[in-house]
Amino acid sequence: MKKIIPVIMTVAFLLCVFSFQVSAQEIQYRQISLEDYQNKVAGGWIGQAIGVLHGQWTEGKWQGKIVPFDLEDWYRISPEVEEKARAVKDWQERRKFYQKYINDKENWIIYTPEEMSDQDDLYIEFMFLHSILKYGLDVTGKEIAEDWVSYLDPNRIWCANKGAYQNFLKGIWPPMSSHPRNTPWGDAIDFQIEADLFGLISPGLPRVSNAWGDKVGHVMNYGDGVYAGMAVAAMYTESFFEKNPRKLAEYSLKAIPEESGYAKMVREVLDLHQRYPNWQDAWKKLEPKWGKKNGKLVSGVDVRINGAYIYIGLLYGEGDFWKSMNISMRCGRDSDCNPSNVTGILGTVLGIDNIPEKWSMLKDLPIDNQAIKDIYPAKLNWKDIIDNTVEAGKWNVLQNGGYIEKGIMYIPYQTPTSTPLEQTVWEEPAEKK
């Protein structure tokens with residue numbers, strides 16, 4: 001993997017040293033050792049991988065319904081059921097077929113993963129990381145888009161990512177590639193599930209992560225689709241210093257417009273968490289409100305209802321890694337992507353050393369790579385991804401007023417600030433007369 005351009009590094013370093021000499025007396029810094037930073041970045045990456053692999057076999061199979069059982073281990077649908085399902089060519093008929101079997105846990109088996117599967121939650125972030133390393137921290141949305149066209153397998157992208165890619169081929173580049181006049185996918189979950197990287201490289205810097213969110217989120221999403229990624233990334237930035245999940249959830253609200261539909265949803269989940277001790281009671285309030293519109297289920301990739309199930313997992317999981325992941329998975333909808341955000345945030349809080357071994361064993365497994373083989377080997381290893389994320393994070397901190405001394409990273413204290421509202425807010429259902 002390519003390293004960040006040395007000339008850019010040197011200039012950024014000299015600027016940071018000068019800035020420190022001039023104003024060190026006026027700036028408040030938070031501190032994290034480089035060792036702890038690496039440990040938490042590793043926890044964030046492996047946490048994401050754990051969550052998405054844990055829920056992989058449940059993805060999309062429970063729409064508007066609660067998954068009726070816990071997954072206490074690595075579970076998958078039995079090969080016998082999978083073989084029969086593959087014979088059903090029409091995807092709608094295949095979904096109906098699954099419904100005959102999946103609610104009975106007898107049709108699920110415990111297995112041991114041998115590699116990390118090829119997941120867009122991860123490899124789109126690997127693409128972002130590649131572009132940062134290639135162009136530097138001032139990489140543009142168009143440069144990211146051009147890398148997609150050059151290296152990303154178009155058969156391995158969906159929803160907002162697919163819509164954006166098709167726009168690139170027409171010469172419609174970011175930010176217009178995500179504008180509602182050019183794509184119907186602005187409110188899909190794509191950036192929500194791919195924004196983790198920008199929190200990991202912005203420890204304690206929510207304004208910086210928001211700047212990344214504004215630039216990269218508008219490659220494929222718009223409005224709530226962008227705010228969702230900003231909120232997730234903000235929780236990552238604070239996860240380097242804060243352990244309490246509720247405080248992290250409340251913190252994320254400061255990074256997005258309070259009038260947005262996404263912010264309304266987050267406030268509602270926070271309120272329900274105060275009122276209902278049982279997460280399923282909160283789910284029963286959220287699903288009709290945010291999971292339906294005009295009496296019909298919203299899209300299975302709608303960012304608000306899936307975002308609600310990220311926050312349910314974080315709040316009701318109470319910091320317990322498995323409990324949080326399991327609750328988020330059991331909420332259904334996109335039930336692998338949502339726990340991936342949850343366990344990525346918690347993995348950052350805990351650090352890789354404190355994730356239970358049953359789950360953290362993924363750190364020693366190769367990553368299957370089919371979507372971006374031209375720039376990464378077919379079997380990726382976590383060390384390269386983690387090391388390069390740490391490198392990008394260090395320079396992101398230095399470029400934004402921090403400094404490193406004797407193995408300690410000093411990060412200027414930042415509070416989150418919201419971007420302007422760019423969408424029509426979520427419309428409340430009209431009351432029947």
# chains A, B, ... in the order shown; residues from 1 in each chain; ligands from 1
$ residues_around --residues "stretch 331-338 of chain A" --least-positions-apart "2" --cutoff "10 Å" --atoms "only C-alpha atoms" --output "VMD selection string"
chain A and resid 48 to 68 119 to 121 189 to 190 192 to 194 279 to 280 283 to 284 287 291 299 to 303 305 to 313 325 to 329 340 to 343
$ select_by_dssp --residues "stretch 320-413 of chain A" --states "strand (DSSP E or B)" --output "list in words"
Ile367, Asp368, Lys379, Leu380, Tyr403, Ile404, Glu405, Ile408, Met409, Tyr410, Ile411 and Pro412 of chain A
$ closest_residue --among "A:Glu258, A:Asp187, A:Asp320, A:Glu115" --to "A:Trp382" --atoms "only C-alpha atoms"
A:Glu115
$ residues_around --residues "A:Gly141" --least-positions-apart "6" --cutoff "9 Å" --atoms "only C-alpha atoms" --output "list in words"
Trp173, Pro174, Pro175, Lys215, Val216, Gly217, His218 and Val219 of chain A
$ closest_residue --among "A:Ala164, A:Ile201, A:Ala87, A:Val208" --to "A:Pro184" --atoms "only C-alpha atoms"
A:Ala164
$ atom_distance --atom1 "atom CA of A:Ser150" --atom2 "atom CA of A:Lys363"
29.0 Å
